[in-house]
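To keep things clear, I will list the structure first and then write my remarks on it.
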Amino acid sequence: MIKMQTYEDMLVKVKWATPNPEEEIREALDNTMVDFIYI
Amino acid sequence: MILSIFKNEPIKKVSAKLLHFLFKAEHDSVLEHAVISFMIRGASRSWLAQITRHRIASMTSSSQHYQDYRDYPFVVHKSLVNKEQVHMAFDDSLLRYTILIQQGIPREEARQVLTNAMAVNFKWTINARSLYNFMRLRMCLRNTAEIRVSCSKIFPLVQQWWPEYAEILGPPCYTNGKCNQEFMTCGRKYDRKKSISG
């Protein structure tokens, strides 16, 4: 017997994510770019 | 309060405006320092062919070499669920796969009779620069229903993770107010509130 499901039955879960992405981006910008980028 | 590593000053907020500027001005390599990892169940093998074209990501998918695929469901558009022709095709495919396995044919060879609709489980780790590109291309209304459904499931999770970043995700007609597909344009505008698969 075949099993069928639709696209809407797809399950998506986050397993892990960078805890504070803003900190990572700011750290990179702070140490590589000039101040005008602070918008 | 989070302090900047060298300046001992508070980290300033990364606004959606700044993120939009970084992508527009192509200073977006800094976004690679932010990473998100998803576990996805129940997408189809044809979806797998699409998502693996986004090569700047780490991916692990269900193996038709080491797994018995009789346990996996078929994944279709909701308009096909009750179609007799579809059931007959899937029944036939799974029956022939089963017979080949019973005849001692290895799984990695028997799988050739399976259809693109077979489900796949997928672990996907992607950085924010590459995810921006993925969502820009795959949220487009010209894309397939299945990958747009996956975008609609990914989007709220990204929103929880990083709301300012989620704000700038979308196809060009949504983020820039103008389609970039020229003669291939669908002539519509993306709307986050509307149903995805139609």
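Each chain of the structure tokens is named A, B, ... in the order shown, its residues numbered from 1; ligands are numbered from 1 in display order.
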Please provide the set of residues having any atom within 12 Å of Leu157 (chain B), restricted to only C-alpha atoms, with same-chain residues fewer than 2 positions apart removed, written as a compact mmCIF listing (two decimals) with C-alpha atoms, in the first residue's frame.
# COMPACT_ATOMS: atom_id res chain seq x y z
CA LEU A 11 8.02 19.40 8.15
CA VAL A 12 10.72 22.02 8.67
CA LYS A 13 12.49 22.55 11.99
CA VAL A 14 15.47 24.63 13.01
CA LYS A 15 18.18 22.43 14.52
CA TRP A 16 20.64 25.19 15.30
CA ALA A 17 21.32 28.81 14.43
CA ILE B 36 21.19 28.40 10.36
CA SER B 37 20.61 24.66 10.20
CA PHE B 38 17.28 23.02 9.28
CA MET B 39 15.95 19.48 9.40
CA SER B 150 9.23 24.99 1.65
CA CYS B 151 10.10 28.73 1.59
CA SER B 152 6.82 29.50 3.36
CA LYS B 153 7.79 27.02 6.09
CA ILE B 154 11.37 28.28 6.34
CA PHE B 155 10.42 31.96 6.44
CA GLN B 159 11.75 35.45 11.33
CA GLN B 160 11.99 34.00 14.86
CA TRP B 161 15.75 33.69 14.55
CA TRP B 162 16.50 37.16 13.16
CA PRO B 163 13.49 39.41 12.42
CA TYR B 165 17.05 39.85 8.34
CA ALA B 166 13.74 38.13 7.53
Enumerate, as JSON, numbers by chain, the complete set of residues in chain A that a backbone-based DSSP assignment places in helix (DSSP H, G or I). {"A": [7, 8, 9, 21, 22, 23, 24, 25, 26, 27, 28, 29, 30, 35, 36, 37]}
Kindly determine which residues of chain B lie within 7 Å of chain A, considering only C-alpha atoms, and give the answer as a PDB file with C-alpha atoms, in the first residue's frame.
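The result, written out as out_1.pdb:
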ATOM      1  CA  SER B   4      32.243  44.899  20.731  1.00  0.00           C
ATOM      2  CA  ILE B  11      27.094  46.240  19.782  1.00  0.00           C
ATOM      3  CA  LYS B  13      21.667  46.997  16.158  1.00  0.00           C
ATOM      4  CA  VAL B  14      21.892  45.595  12.641  1.00  0.00           C
ATOM      5  CA  LEU B  18      21.712  48.248   6.925  1.00  0.00           C
ATOM      6  CA  VAL B  30      29.871  39.536   6.300  1.00  0.00           C
ATOM      7  CA  LEU B  31      26.510  37.737   6.282  1.00  0.00           C
ATOM      8  CA  HIS B  33      29.193  34.598   9.658  1.00  0.00           C
ATOM      9  CA  ALA B  34      25.561  33.910  10.538  1.00  0.00           C
ATOM     10  CA  VAL B  35      24.444  30.331   9.950  1.00  0.00           C
ATOM     11  CA  ILE B  36      21.194  28.404  10.365  1.00  0.00           C
ATOM     12  CA  SER B  37      20.610  24.658  10.196  1.00  0.00           C
ATOM     13  CA  PHE B  38      17.285  23.020   9.275  1.00  0.00           C
ATOM     14  CA  MET B  39      15.949  19.479   9.402  1.00  0.00           C
ATOM     15  CA  ILE B  40      13.385  18.961   6.632  1.00  0.00           C
ATOM     16  CA  ARG B  41      11.143  15.888   6.293  1.00  0.00           C
ATOM     17  CA  GLY B  42       8.775  14.915   3.521  1.00  0.00           C
ATOM     18  CA  ALA B  43      10.005  16.896   0.528  1.00  0.00           C
ATOM     19  CA  PRO B  73       5.758   8.258   1.105  1.00  0.00           C
ATOM     20  CA  PHE B  74       5.109   9.811  -2.303  1.00  0.00           C
ATOM     21  CA  VAL B  75       4.857  13.604  -2.230  1.00  0.00           C
ATOM     22  CA  VAL B  76       2.538  15.376  -4.673  1.00  0.00           C
ATOM     23  CA  HIS B  77       0.592  18.589  -5.225  1.00  0.00           C
ATOM     24  CA  LYS B  78      -2.736  18.482  -3.379  1.00  0.00           C
ATOM     25  CA  ASP B  91       1.548   1.536  -7.126  1.00  0.00           C
ATOM     26  CA  GLU B 146       6.756  22.660  -3.740  1.00  0.00           C
ATOM     27  CA  VAL B 149       5.844  25.816   0.116  1.00  0.00           C
ATOM     28  CA  LYS B 153       7.786  27.025   6.095  1.00  0.00           C
ATOM     29  CA  ILE B 154      11.374  28.276   6.343  1.00  0.00           C
ATOM     30  CA  LEU B 157      11.547  30.158  11.419  1.00  0.00           C
TER      31      LEU B 157
END
Would you please work out which residue, of B:Lys24, B:Lys17, B:Arg107, B:Lys189, is nearest to Tyr66 (chain B) when using only C-alpha atoms?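 Looking at the shortest contact to Tyr66 (chain B), the residue is B:Arg107.
Coordinates place CA of Lys123 (chain B) at a distance of 20.7 Å from CA of Thr144 (chain B).
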Give me, please, the distance in Å between CA of Lys194 (chain B) and CA of Ser46 (chain B), quoted to one decimal.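 Separation of CA of Lys194 (chain B) and CA of Ser46 (chain B): 23.9 Å.
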When you draw a straight line from CA of Lys178 (chain B) to CA of Asn127 (chain B), how long is it in Å?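 That distance, rounded to one decimal, is 25.7 Å.
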Taking 6 positions as the minimum chain separation for residues in the same chain, which residues sit within 8 Å of Cys140 (chain B) when counting only C-alpha atoms? Answer as a ChimeraX atom specification. /B:148,170-172,190
